>>> print(open('run04.txt').read())   # compact mmCIF, N, CA and C atoms
# COMPACT_ATOMS: atom_id res chain seq x y z
N MET A 296 14.17 6.42 -4.96
CA MET A 296 14.46 7.83 -4.82
C MET A 296 14.30 8.21 -3.35
N PHE A 297 15.15 9.10 -2.86
CA PHE A 297 15.17 9.49 -1.46
C PHE A 297 14.91 10.99 -1.36
N TYR A 298 13.99 11.37 -0.46
CA TYR A 298 13.70 12.78 -0.24
C TYR A 298 13.80 13.09 1.24
N ILE A 299 14.30 14.28 1.54
CA ILE A 299 14.27 14.78 2.90
C ILE A 299 13.04 15.66 3.01
N VAL A 300 12.21 15.43 4.02
CA VAL A 300 10.99 16.19 4.20
C VAL A 300 11.13 17.06 5.43
N PHE A 301 10.77 18.33 5.31
CA PHE A 301 10.86 19.28 6.41
C PHE A 301 9.46 19.66 6.87
N PHE A 302 9.31 19.82 8.17
CA PHE A 302 8.10 20.41 8.73
C PHE A 302 8.47 21.84 9.07
N PHE A 303 7.71 22.79 8.58
CA PHE A 303 8.07 24.20 8.57
C PHE A 303 7.10 24.96 9.46
N SER A 304 7.60 25.94 10.19
CA SER A 304 6.73 26.78 11.00
C SER A 304 5.71 27.47 10.10
N GLY A 305 4.44 27.43 10.46
CA GLY A 305 3.39 27.98 9.61
C GLY A 305 2.95 27.03 8.54
N CYS A 306 3.40 25.81 8.66
CA CYS A 306 3.11 24.79 7.65
C CYS A 306 2.22 23.74 8.32
N GLY A 307 0.90 23.98 8.27
CA GLY A 307 -0.04 23.04 8.87
C GLY A 307 -0.53 23.48 10.23
N GLY A 308 -1.42 22.66 10.79
CA GLY A 308 -1.97 22.94 12.12
C GLY A 308 -3.45 22.63 12.17
N ASN A 309 -4.03 22.86 13.33
CA ASN A 309 -5.46 22.67 13.54
C ASN A 309 -6.17 24.01 13.34
N VAL A 310 -7.22 24.00 12.51
CA VAL A 310 -7.95 25.22 12.18
C VAL A 310 -9.41 25.03 12.56
N THR A 311 -9.92 25.90 13.44
CA THR A 311 -11.32 25.81 13.85
C THR A 311 -12.10 27.08 13.52
N LEU A 312 -11.51 27.96 12.74
CA LEU A 312 -12.19 29.19 12.33
C LEU A 312 -13.21 28.87 11.24
N ASN A 313 -14.32 29.59 11.22
CA ASN A 313 -15.34 29.37 10.19
C ASN A 313 -14.89 29.85 8.82
N ASN A 314 -14.01 30.84 8.78
CA ASN A 314 -13.51 31.39 7.53
C ASN A 314 -12.02 31.67 7.68
N GLY A 315 -11.29 31.54 6.59
CA GLY A 315 -9.87 31.83 6.66
C GLY A 315 -9.17 31.42 5.39
N SER A 316 -7.85 31.27 5.49
CA SER A 316 -7.07 30.89 4.31
C SER A 316 -5.93 29.97 4.69
N LEU A 317 -5.54 29.16 3.72
CA LEU A 317 -4.40 28.26 3.82
C LEU A 317 -3.50 28.59 2.65
N TYR A 318 -2.20 28.58 2.89
CA TYR A 318 -1.28 28.89 1.80
C TYR A 318 0.07 28.27 2.09
N SER A 319 0.82 28.07 1.03
CA SER A 319 2.15 27.50 1.18
C SER A 319 3.04 28.49 1.92
N PRO A 320 4.02 28.00 2.67
CA PRO A 320 4.91 28.89 3.42
C PRO A 320 5.57 29.93 2.51
N HIS A 321 5.63 31.14 2.99
CA HIS A 321 6.21 32.31 2.32
C HIS A 321 5.35 32.86 1.19
N TYR A 322 4.17 32.28 0.95
CA TYR A 322 3.32 32.79 -0.13
C TYR A 322 3.10 34.28 0.07
N PRO A 323 3.20 35.13 -0.94
CA PRO A 323 3.36 34.83 -2.36
C PRO A 323 4.81 34.67 -2.81
N GLU A 324 5.75 34.72 -1.89
CA GLU A 324 7.15 34.52 -2.25
C GLU A 324 7.40 33.03 -2.54
N ASP A 325 8.59 32.71 -3.00
CA ASP A 325 8.94 31.33 -3.29
C ASP A 325 8.82 30.45 -2.05
N SER A 326 8.35 29.25 -2.24
CA SER A 326 8.25 28.27 -1.16
C SER A 326 9.45 27.35 -1.19
N PRO A 327 9.90 26.91 -0.02
CA PRO A 327 11.00 25.94 -0.02
C PRO A 327 10.52 24.58 -0.52
N ASN A 328 11.44 23.79 -1.01
CA ASN A 328 11.13 22.42 -1.41
C ASN A 328 11.29 21.50 -0.21
N GLY A 329 10.83 20.27 -0.34
CA GLY A 329 10.98 19.28 0.72
C GLY A 329 10.04 19.48 1.88
N LEU A 330 8.83 20.02 1.62
CA LEU A 330 7.87 20.26 2.70
C LEU A 330 6.77 19.21 2.70
N PHE A 331 6.24 18.95 3.89
CA PHE A 331 5.01 18.18 4.04
C PHE A 331 4.21 18.87 5.13
N CYS A 332 3.10 19.48 4.75
CA CYS A 332 2.27 20.26 5.67
C CYS A 332 0.89 19.61 5.76
N VAL A 333 0.32 19.61 6.96
CA VAL A 333 -1.02 19.03 7.16
C VAL A 333 -1.86 20.01 7.97
N TRP A 334 -2.99 20.43 7.38
CA TRP A 334 -3.95 21.27 8.09
C TRP A 334 -5.18 20.41 8.38
N ARG A 335 -5.70 20.51 9.59
CA ARG A 335 -6.93 19.82 9.99
C ARG A 335 -7.99 20.88 10.27
N LEU A 336 -8.97 20.98 9.37
CA LEU A 336 -10.04 21.96 9.51
C LEU A 336 -11.25 21.29 10.12
N SER A 337 -11.90 21.96 11.06
CA SER A 337 -13.14 21.44 11.62
C SER A 337 -14.08 22.60 11.94
N VAL A 338 -15.35 22.37 11.65
CA VAL A 338 -16.41 23.33 11.94
C VAL A 338 -17.49 22.60 12.73
N ALA A 339 -18.53 23.31 13.14
CA ALA A 339 -19.59 22.72 13.95
C ALA A 339 -20.22 21.52 13.25
N LEU A 340 -20.59 20.54 14.03
CA LEU A 340 -21.24 19.34 13.54
C LEU A 340 -22.50 19.72 12.75
N GLY A 341 -22.69 19.08 11.60
CA GLY A 341 -23.84 19.36 10.74
C GLY A 341 -23.52 20.34 9.63
N ASN A 342 -22.40 21.05 9.73
CA ASN A 342 -21.97 21.98 8.68
C ASN A 342 -20.94 21.31 7.79
N THR A 343 -20.65 21.93 6.66
CA THR A 343 -19.61 21.43 5.76
C THR A 343 -18.63 22.57 5.46
N ILE A 344 -17.59 22.25 4.73
CA ILE A 344 -16.51 23.21 4.47
C ILE A 344 -16.36 23.41 2.97
N LEU A 345 -16.31 24.67 2.56
CA LEU A 345 -16.06 25.05 1.17
C LEU A 345 -14.61 25.51 1.07
N LEU A 346 -13.87 24.89 0.16
CA LEU A 346 -12.49 25.30 -0.14
C LEU A 346 -12.48 25.91 -1.53
N HIS A 347 -11.95 27.12 -1.64
CA HIS A 347 -11.85 27.79 -2.94
C HIS A 347 -10.37 27.93 -3.29
N PHE A 348 -9.97 27.33 -4.41
CA PHE A 348 -8.58 27.38 -4.85
C PHE A 348 -8.34 28.68 -5.61
N ASN A 349 -7.76 29.66 -4.94
CA ASN A 349 -7.48 30.95 -5.56
C ASN A 349 -6.23 30.90 -6.45
N TYR A 350 -5.26 30.10 -6.06
CA TYR A 350 -4.02 30.00 -6.81
C TYR A 350 -3.43 28.62 -6.59
N LEU A 351 -2.95 28.01 -7.66
CA LEU A 351 -2.29 26.70 -7.58
C LEU A 351 -1.24 26.64 -8.67
N SER A 352 0.01 26.50 -8.28
CA SER A 352 1.10 26.39 -9.24
C SER A 352 2.12 25.40 -8.67
N LEU A 353 1.99 24.16 -9.09
CA LEU A 353 2.84 23.08 -8.61
C LEU A 353 3.41 22.33 -9.79
N ALA A 354 4.42 21.50 -9.53
CA ALA A 354 4.96 20.66 -10.59
C ALA A 354 3.84 19.80 -11.16
N ASN A 355 3.80 19.68 -12.47
CA ASN A 355 2.76 18.89 -13.13
C ASN A 355 3.35 17.52 -13.48
N THR A 356 2.98 16.51 -12.70
CA THR A 356 3.48 15.15 -12.92
C THR A 356 2.31 14.18 -13.04
N ILE A 357 2.58 13.03 -13.62
CA ILE A 357 1.54 12.01 -13.73
C ILE A 357 1.14 11.58 -12.33
N ASP A 358 -0.14 11.57 -12.06
CA ASP A 358 -0.71 11.20 -10.76
C ASP A 358 -0.26 12.11 -9.62
N CYS A 359 0.23 13.30 -9.94
CA CYS A 359 0.64 14.28 -8.92
C CYS A 359 1.57 13.65 -7.89
N THR A 360 2.64 13.04 -8.33
CA THR A 360 3.54 12.34 -7.41
C THR A 360 4.65 13.21 -6.85
N ALA A 361 4.93 14.38 -7.45
CA ALA A 361 6.01 15.24 -6.95
C ALA A 361 5.47 16.24 -5.94
N ASP A 362 4.80 17.27 -6.42
CA ASP A 362 4.16 18.27 -5.56
C ASP A 362 2.66 18.10 -5.68
N TYR A 363 1.95 18.29 -4.57
CA TYR A 363 0.49 18.22 -4.65
C TYR A 363 -0.16 18.88 -3.44
N VAL A 364 -1.43 19.24 -3.64
CA VAL A 364 -2.34 19.59 -2.55
C VAL A 364 -3.42 18.51 -2.58
N GLU A 365 -3.65 17.91 -1.44
CA GLU A 365 -4.61 16.81 -1.34
C GLU A 365 -5.67 17.20 -0.32
N VAL A 366 -6.94 16.93 -0.65
CA VAL A 366 -8.06 17.25 0.24
C VAL A 366 -8.78 15.96 0.58
N LEU A 367 -8.99 15.74 1.89
CA LEU A 367 -9.64 14.52 2.37
C LEU A 367 -10.76 14.86 3.34
N ASP A 368 -11.92 14.22 3.15
CA ASP A 368 -12.99 14.25 4.15
C ASP A 368 -12.57 13.33 5.29
N THR A 369 -12.93 13.69 6.48
CA THR A 369 -12.61 12.82 7.61
C THR A 369 -13.88 12.45 8.36
N SER A 370 -13.87 11.27 8.89
CA SER A 370 -14.94 10.83 9.79
C SER A 370 -14.25 10.08 10.92
N LEU A 371 -15.02 9.57 11.84
CA LEU A 371 -14.42 8.86 12.97
C LEU A 371 -13.64 7.63 12.54
N SER A 372 -14.05 7.02 11.44
CA SER A 372 -13.47 5.73 11.09
C SER A 372 -12.56 5.73 9.86
N ARG A 373 -12.60 6.81 9.03
CA ARG A 373 -11.81 6.74 7.81
C ARG A 373 -11.57 8.11 7.19
N LEU A 374 -10.65 8.11 6.23
CA LEU A 374 -10.38 9.27 5.39
C LEU A 374 -10.88 8.98 3.99
N ASN A 375 -11.56 9.94 3.38
CA ASN A 375 -12.04 9.79 2.01
C ASN A 375 -11.40 10.86 1.15
N LEU A 376 -10.66 10.44 0.14
CA LEU A 376 -9.99 11.38 -0.74
C LEU A 376 -11.00 12.14 -1.59
N ILE A 377 -11.01 13.45 -1.48
CA ILE A 377 -11.83 14.30 -2.36
C ILE A 377 -11.06 14.56 -3.64
N GLY A 378 -9.77 14.85 -3.53
CA GLY A 378 -8.96 15.08 -4.71
C GLY A 378 -7.52 15.38 -4.39
N ARG A 379 -6.65 15.09 -5.36
CA ARG A 379 -5.23 15.43 -5.29
C ARG A 379 -4.96 16.30 -6.51
N TYR A 380 -4.36 17.48 -6.28
CA TYR A 380 -4.23 18.48 -7.31
C TYR A 380 -2.78 18.90 -7.48
N CYS A 381 -2.36 19.09 -8.74
CA CYS A 381 -1.01 19.54 -9.05
C CYS A 381 -1.06 20.33 -10.35
N GLY A 382 0.10 20.78 -10.82
CA GLY A 382 0.13 21.59 -12.02
C GLY A 382 -0.44 22.96 -11.75
N SER A 383 -0.87 23.63 -12.81
CA SER A 383 -1.49 24.94 -12.63
C SER A 383 -2.72 25.11 -13.50
N PHE A 384 -2.93 24.21 -14.44
CA PHE A 384 -4.04 24.36 -15.37
C PHE A 384 -5.29 23.62 -14.92
N ALA A 385 -5.14 22.59 -14.10
CA ALA A 385 -6.29 21.75 -13.74
C ALA A 385 -6.75 21.99 -12.31
N ARG A 386 -6.52 23.20 -11.80
CA ARG A 386 -6.94 23.45 -10.42
C ARG A 386 -8.46 23.50 -10.35
N PRO A 387 -9.01 22.94 -9.29
CA PRO A 387 -10.47 23.02 -9.15
C PRO A 387 -10.85 24.43 -8.75
N GLU A 388 -12.01 24.86 -9.14
CA GLU A 388 -12.50 26.17 -8.70
C GLU A 388 -12.79 26.10 -7.20
N SER A 389 -13.63 25.15 -6.82
CA SER A 389 -14.01 24.99 -5.42
C SER A 389 -14.23 23.51 -5.12
N VAL A 390 -14.10 23.18 -3.84
CA VAL A 390 -14.34 21.82 -3.36
C VAL A 390 -15.20 21.94 -2.10
N VAL A 391 -16.22 21.08 -1.99
CA VAL A 391 -17.08 21.08 -0.81
C VAL A 391 -16.95 19.72 -0.12
N SER A 392 -16.75 19.75 1.18
CA SER A 392 -16.64 18.51 1.95
C SER A 392 -18.03 17.91 2.15
N SER A 393 -18.06 16.65 2.53
CA SER A 393 -19.34 16.02 2.87
C SER A 393 -19.50 15.89 4.38
N THR A 394 -18.47 16.26 5.13
CA THR A 394 -18.51 16.21 6.59
C THR A 394 -18.07 17.58 7.13
N ASN A 395 -18.02 17.68 8.45
CA ASN A 395 -17.59 18.93 9.08
C ASN A 395 -16.08 18.97 9.34
N LYS A 396 -15.36 17.98 8.85
CA LYS A 396 -13.91 17.93 9.05
C LYS A 396 -13.20 17.60 7.74
N VAL A 397 -12.11 18.32 7.50
CA VAL A 397 -11.33 18.14 6.29
C VAL A 397 -9.85 18.19 6.65
N ILE A 398 -9.08 17.40 5.94
CA ILE A 398 -7.62 17.48 6.04
C ILE A 398 -7.10 17.97 4.69
N VAL A 399 -6.22 18.95 4.74
CA VAL A 399 -5.54 19.45 3.54
C VAL A 399 -4.06 19.15 3.73
N ARG A 400 -3.50 18.41 2.77
CA ARG A 400 -2.08 18.07 2.84
C ARG A 400 -1.36 18.69 1.65
N PHE A 401 -0.19 19.25 1.93
CA PHE A 401 0.65 19.86 0.91
C PHE A 401 2.01 19.19 0.93
N ARG A 402 2.42 18.71 -0.23
CA ARG A 402 3.74 18.09 -0.37
C ARG A 402 4.50 18.83 -1.45
N SER A 403 5.71 19.20 -1.14
CA SER A 403 6.57 19.88 -2.09
C SER A 403 7.93 19.22 -2.06
N ASN A 404 8.19 18.36 -3.03
CA ASN A 404 9.50 17.74 -3.09
C ASN A 404 10.19 17.99 -4.42
N SER A 405 9.55 18.75 -5.27
CA SER A 405 10.10 19.04 -6.59
C SER A 405 11.22 20.06 -6.46
N THR A 406 12.06 20.11 -7.45
CA THR A 406 13.11 21.12 -7.47
C THR A 406 12.61 22.44 -8.03
N ALA A 407 11.39 22.45 -8.55
CA ALA A 407 10.83 23.70 -9.08
C ALA A 407 10.48 24.62 -7.92
N GLN A 408 10.87 25.86 -8.01
CA GLN A 408 10.57 26.84 -6.97
C GLN A 408 9.46 27.75 -7.46
N GLY A 409 8.83 28.42 -6.54
CA GLY A 409 7.80 29.39 -6.92
C GLY A 409 6.64 29.33 -5.98
N ARG A 410 5.65 30.13 -6.25
CA ARG A 410 4.44 30.11 -5.44
C ARG A 410 3.78 28.77 -5.61
N LYS A 411 3.19 28.28 -4.58
CA LYS A 411 2.61 26.94 -4.62
C LYS A 411 1.08 26.97 -4.60
N PHE A 412 0.48 27.49 -3.52
CA PHE A 412 -0.98 27.52 -3.49
C PHE A 412 -1.51 28.54 -2.50
N PHE A 413 -2.76 28.94 -2.73
CA PHE A 413 -3.51 29.82 -1.82
C PHE A 413 -4.96 29.38 -1.88
N ILE A 414 -5.52 28.97 -0.75
CA ILE A 414 -6.89 28.46 -0.67
C ILE A 414 -7.63 29.24 0.41
N THR A 415 -8.85 29.68 0.12
CA THR A 415 -9.70 30.24 1.17
C THR A 415 -10.72 29.19 1.56
N HIS A 416 -11.12 29.22 2.83
CA HIS A 416 -12.12 28.26 3.29
C HIS A 416 -13.23 29.00 4.03
N SER A 417 -14.43 28.44 3.92
CA SER A 417 -15.58 28.99 4.63
C SER A 417 -16.52 27.86 5.03
N THR A 418 -17.36 28.17 5.99
CA THR A 418 -18.31 27.19 6.51
C THR A 418 -19.64 27.31 5.77
N ILE A 419 -20.18 26.18 5.37
CA ILE A 419 -21.53 26.13 4.82
C ILE A 419 -22.41 25.63 5.95
N THR A 420 -23.28 26.49 6.43
CA THR A 420 -24.11 26.13 7.58
C THR A 420 -25.30 25.30 7.14
N GLU A 421 -25.66 24.38 8.00
CA GLU A 421 -26.81 23.51 7.74
C GLU A 421 -28.07 24.35 7.76
N SER A 422 -28.89 24.18 6.74
CA SER A 422 -30.14 24.94 6.67
C SER A 422 -31.14 24.38 7.67
N LYS A 423 -31.76 25.26 8.39
CA LYS A 423 -32.78 24.83 9.37
C LYS A 423 -34.09 24.42 8.69
N PHE A 424 -34.19 24.72 7.39
CA PHE A 424 -35.44 24.42 6.67
C PHE A 424 -35.31 23.25 5.73
N SER A 425 -34.21 22.48 5.79
CA SER A 425 -34.07 21.38 4.85
C SER A 425 -34.73 20.13 5.33
>>> encode(input="run04.txt", output="structure tokens")
Amino acid sequence: MFYIVFFFSGCGGNVTLNNGSLYSPHYPEDSPNGLFCVWRLSVALGNTILLHFNYLSLANTIDCTADYVEVLDTSLSRLNLIGRYCGSFARPESVVSSTNKVIVRFRSNSTAQGRKFFITHSTITESKFS
């Protein structure tokens, strides 16, 4: 199978804000198909990142092979998959990273149109008393 993938303005980037949101292009309007977006979130060393899935509506396929939102912890030497999410019924409420850096990838190659996702993120600061 052959897909054309587009990189779209507002689709991905480097994020260093402590709080904010990530969403599919044109959200809440229909998103185009054939997208691959990558966001790289980073906060101060020693902190972690909380991602809250406010909305997720993607094609529901076995192993999320058509459309998906994927969350990965990053370190200097490797990427660790936290989860790959698709459909609309099995969205996680929240995801917490184990490091101060996370990559969020969004792939949309399905022919289904519609809203795709909306995620808010915030920093969990390291407790000085732990």
>>> closest_atom_pairs(input="run04.txt", of="region 331-365 of chain A", to="region 378-398 of chain A", cutoff="6 Å", atoms="only C-alpha atoms", output="Markdown table")
| residue | atom | partner | partner_atom | distance |
| --- | --- | --- | --- | --- |
| A:Trp334 | CA | A:Ile398 | CA | 5.7 |
| A:Arg335 | CA | A:Ile398 | CA | 4.6 |
| A:Leu336 | CA | A:Val397 | CA | 5.2 |
| A:Ser337 | CA | A:Lys396 | CA | 4.4 |
| A:Val338 | CA | A:Asn395 | CA | 5.4 |
| A:Leu340 | CA | A:Asn395 | CA | 5.8 |
| A:Asn342 | CA | A:Asn395 | CA | 5.4 |
| A:Thr343 | CA | A:Asn395 | CA | 4.6 |
| A:Ile344 | CA | A:Ser392 | CA | 5.3 |
| A:Leu345 | CA | A:Val391 | CA | 4.6 |
| A:Leu346 | CA | A:Val390 | CA | 5.1 |
| A:His347 | CA | A:Ser389 | CA | 4.3 |
| A:Phe348 | CA | A:Glu388 | CA | 5.6 |
| A:Leu351 | CA | A:Ser383 | CA | 5.4 |
| A:Ser352 | CA | A:Ser383 | CA | 4.5 |
| A:Leu353 | CA | A:Gly382 | CA | 4.6 |
| A:Ala354 | CA | A:Gly382 | CA | 5.1 |
| A:Asn355 | CA | A:Gly382 | CA | 3.9 |
| A:Cys359 | CA | A:Cys381 | CA | 5.5 |
| A:Tyr363 | CA | A:Cys381 | CA | 4.8 |
| A:Val364 | CA | A:Tyr380 | CA | 5.2 |
| A:Glu365 | CA | A:Arg379 | CA | 4.2 |
>>> atom_distance(input="run04.txt", atom1="atom C of Gly307 (chain A)", atom2="atom N of Ala407 (chain A)")
22.3 Å
>>> select_by_dssp(input="run04.txt", residues="region 323-377 of chain A", states="strand (DSSP E)", output="JSON, numbers by chain")
{"A": [330, 331, 332, 333, 334, 335, 336, 337, 343, 344, 345, 346, 347, 348, 349, 350, 351, 363, 364, 365, 366, 367, 368, 369, 374, 375, 376, 377]}
>>> closest_residue(input="run04.txt", among="A:Tyr318, A:Asp358, A:Ser372, A:His416", to="Phe401 (chain A)", atoms="only C-alpha atoms")
A:Tyr318
>>> residues_around(input="run04.txt", residues="Pro320 (chain A)", least_positions_apart="5", cutoff="6.5 Å", atoms="all atoms listed in the file", output="list in words")
Gly305, Cys306, Asp325, Ser326 and Pro327 of chain A
>>> residues_around(input="run04.txt", residues="Ile377 (chain A)", least_positions_apart="4", cutoff="6.5 Å", atoms="all atoms listed in the file", output="list in words")
Val366, Leu367 and Asp368 of chain A
>>> closest_residue(input="run04.txt", among="A:Asn349, A:Gly315, A:Asn309, A:Thr360", to="Arg402 (chain A)", atoms="only N, CA and C atoms")
A:Thr360
>>> axis_aligned_box(input="run04.txt", around="region 371-379 of chain A", padding_each_side="8 Å", output="lines of an AutoDock Vina configuration file")
center_x = -10.0
center_y = 11.0
center_z = 3.2
size_x = 26.1
size_y = 26.6
size_z = 35.5
>>> residues_near_point(input="run04.txt", point="(-4.0, 32.1, 3.9)", cutoff="7 Å", atoms="only N, CA and C atoms", output="list in words")
Gly315, Ser316, Leu317, Tyr318, Ser319, Phe413, Ile414 and Thr415 of chain A
>>> atom_distance(input="run04.txt", atom1="atom C of Arg400 (chain A)", atom2="CA of Thr418 (chain A)")
19.6 Å
>>> residues_around(input="run04.txt", residues="Ser405 (chain A)", least_positions_apart="3", cutoff="8 Å", atoms="only C-alpha atoms", output="PyMOL selection string")
chain A and resi 328-329+354+361-362+408
>>> atom_distance(input="run04.txt", atom1="CA of Leu374 (chain A)", atom2="CA of Val399 (chain A)")
11.4 Å
>>> build_atoms(input="run04.txt", residues="region 387-396 of chain A", atoms="all heavy atoms", output="PDB file, keeping the file's coordinate frame")
ATOM      1  N   PRO A 387      -9.010  22.940  -9.290  1.00  0.00           N
ATOM      2  CA  PRO A 387     -10.470  23.020  -9.150  1.00  0.00           C
ATOM      3  C   PRO A 387     -10.850  24.430  -8.750  1.00  0.00           C
ATOM      4  O   PRO A 387     -10.072  25.132  -8.100  1.00  0.00           O
ATOM      5  CB  PRO A 387     -10.759  22.036  -8.009  1.00  0.00           C
ATOM      6  CG  PRO A 387      -9.514  22.054  -7.196  1.00  0.00           C
ATOM      7  CD  PRO A 387      -8.394  22.247  -8.170  1.00  0.00           C
ATOM      8  N   GLU A 388     -12.010  24.860  -9.140  1.00  0.00           N
ATOM      9  CA  GLU A 388     -12.500  26.170  -8.700  1.00  0.00           C
ATOM     10  C   GLU A 388     -12.790  26.100  -7.200  1.00  0.00           C
ATOM     11  O   GLU A 388     -12.272  26.879  -6.423  1.00  0.00           O
ATOM     12  CB  GLU A 388     -13.742  26.564  -9.489  1.00  0.00           C
ATOM     13  CG  GLU A 388     -14.283  27.923  -9.150  1.00  0.00           C
ATOM     14  CD  GLU A 388     -13.400  29.065  -9.616  1.00  0.00           C
ATOM     15  OE1 GLU A 388     -12.593  28.883 -10.535  1.00  0.00           O
ATOM     16  OE2 GLU A 388     -13.529  30.145  -9.035  1.00  0.00           O
ATOM     17  N   SER A 389     -13.630  25.150  -6.820  1.00  0.00           N
ATOM     18  CA  SER A 389     -14.010  24.990  -5.420  1.00  0.00           C
ATOM     19  C   SER A 389     -14.230  23.510  -5.120  1.00  0.00           C
ATOM     20  O   SER A 389     -14.537  22.725  -6.004  1.00  0.00           O
ATOM     21  CB  SER A 389     -15.297  25.753  -5.106  1.00  0.00           C
ATOM     22  OG  SER A 389     -15.105  27.130  -5.275  1.00  0.00           O
ATOM     23  N   VAL A 390     -14.100  23.180  -3.840  1.00  0.00           N
ATOM     24  CA  VAL A 390     -14.340  21.820  -3.360  1.00  0.00           C
ATOM     25  C   VAL A 390     -15.200  21.940  -2.100  1.00  0.00           C
ATOM     26  O   VAL A 390     -14.945  22.796  -1.255  1.00  0.00           O
ATOM     27  CB  VAL A 390     -12.998  21.121  -3.012  1.00  0.00           C
ATOM     28  CG1 VAL A 390     -13.232  19.794  -2.336  1.00  0.00           C
ATOM     29  CG2 VAL A 390     -12.142  20.957  -4.251  1.00  0.00           C
ATOM     30  N   VAL A 391     -16.220  21.080  -1.990  1.00  0.00           N
ATOM     31  CA  VAL A 391     -17.080  21.080  -0.810  1.00  0.00           C
ATOM     32  C   VAL A 391     -16.950  19.720  -0.120  1.00  0.00           C
ATOM     33  O   VAL A 391     -17.071  18.679  -0.767  1.00  0.00           O
ATOM     34  CB  VAL A 391     -18.558  21.348  -1.177  1.00  0.00           C
ATOM     35  CG1 VAL A 391     -19.446  21.281   0.053  1.00  0.00           C
ATOM     36  CG2 VAL A 391     -18.692  22.697  -1.873  1.00  0.00           C
ATOM     37  N   SER A 392     -16.750  19.750   1.180  1.00  0.00           N
ATOM     38  CA  SER A 392     -16.640  18.510   1.950  1.00  0.00           C
ATOM     39  C   SER A 392     -18.030  17.910   2.150  1.00  0.00           C
ATOM     40  O   SER A 392     -19.042  18.577   1.993  1.00  0.00           O
ATOM     41  CB  SER A 392     -16.006  18.788   3.315  1.00  0.00           C
ATOM     42  OG  SER A 392     -16.880  19.564   4.128  1.00  0.00           O
ATOM     43  N   SER A 393     -18.060  16.650   2.530  1.00  0.00           N
ATOM     44  CA  SER A 393     -19.340  16.020   2.870  1.00  0.00           C
ATOM     45  C   SER A 393     -19.500  15.890   4.380  1.00  0.00           C
ATOM     46  O   SER A 393     -20.543  15.464   4.853  1.00  0.00           O
ATOM     47  CB  SER A 393     -19.450  14.639   2.200  1.00  0.00           C
ATOM     48  OG  SER A 393     -18.456  13.783   2.694  1.00  0.00           O
ATOM     49  N   THR A 394     -18.470  16.260   5.130  1.00  0.00           N
ATOM     50  CA  THR A 394     -18.510  16.210   6.590  1.00  0.00           C
ATOM     51  C   THR A 394     -18.070  17.580   7.130  1.00  0.00           C
ATOM     52  O   THR A 394     -17.751  18.485   6.375  1.00  0.00           O
ATOM     53  CB  THR A 394     -17.580  15.119   7.153  1.00  0.00           C
ATOM     54  OG1 THR A 394     -16.222  15.487   6.873  1.00  0.00           O
ATOM     55  CG2 THR A 394     -17.887  13.760   6.547  1.00  0.00           C
ATOM     56  N   ASN A 395     -18.020  17.680   8.450  1.00  0.00           N
ATOM     57  CA  ASN A 395     -17.590  18.930   9.080  1.00  0.00           C
ATOM     58  C   ASN A 395     -16.080  18.970   9.340  1.00  0.00           C
ATOM     59  O   ASN A 395     -15.591  19.909   9.953  1.00  0.00           O
ATOM     60  CB  ASN A 395     -18.342  19.139  10.398  1.00  0.00           C
ATOM     61  CG  ASN A 395     -17.954  18.127  11.453  1.00  0.00           C
ATOM     62  OD1 ASN A 395     -17.853  16.934  11.170  1.00  0.00           O
ATOM     63  ND2 ASN A 395     -17.728  18.595  12.661  1.00  0.00           N
ATOM     64  N   LYS A 396     -15.360  17.980   8.850  1.00  0.00           N
ATOM     65  CA  LYS A 396     -13.910  17.930   9.050  1.00  0.00           C
ATOM     66  C   LYS A 396     -13.200  17.600   7.740  1.00  0.00           C
ATOM     67  O   LYS A 396     -13.628  16.725   6.999  1.00  0.00           O
ATOM     68  CB  LYS A 396     -13.543  16.893  10.097  1.00  0.00           C
ATOM     69  CG  LYS A 396     -14.072  17.238  11.470  1.00  0.00           C
ATOM     70  CD  LYS A 396     -13.680  16.199  12.490  1.00  0.00           C
ATOM     71  CE  LYS A 396     -14.252  16.582  13.840  1.00  0.00           C
ATOM     72  NZ  LYS A 396     -13.911  15.616  14.867  1.00  0.00           N
TER      73      LYS A 396
END
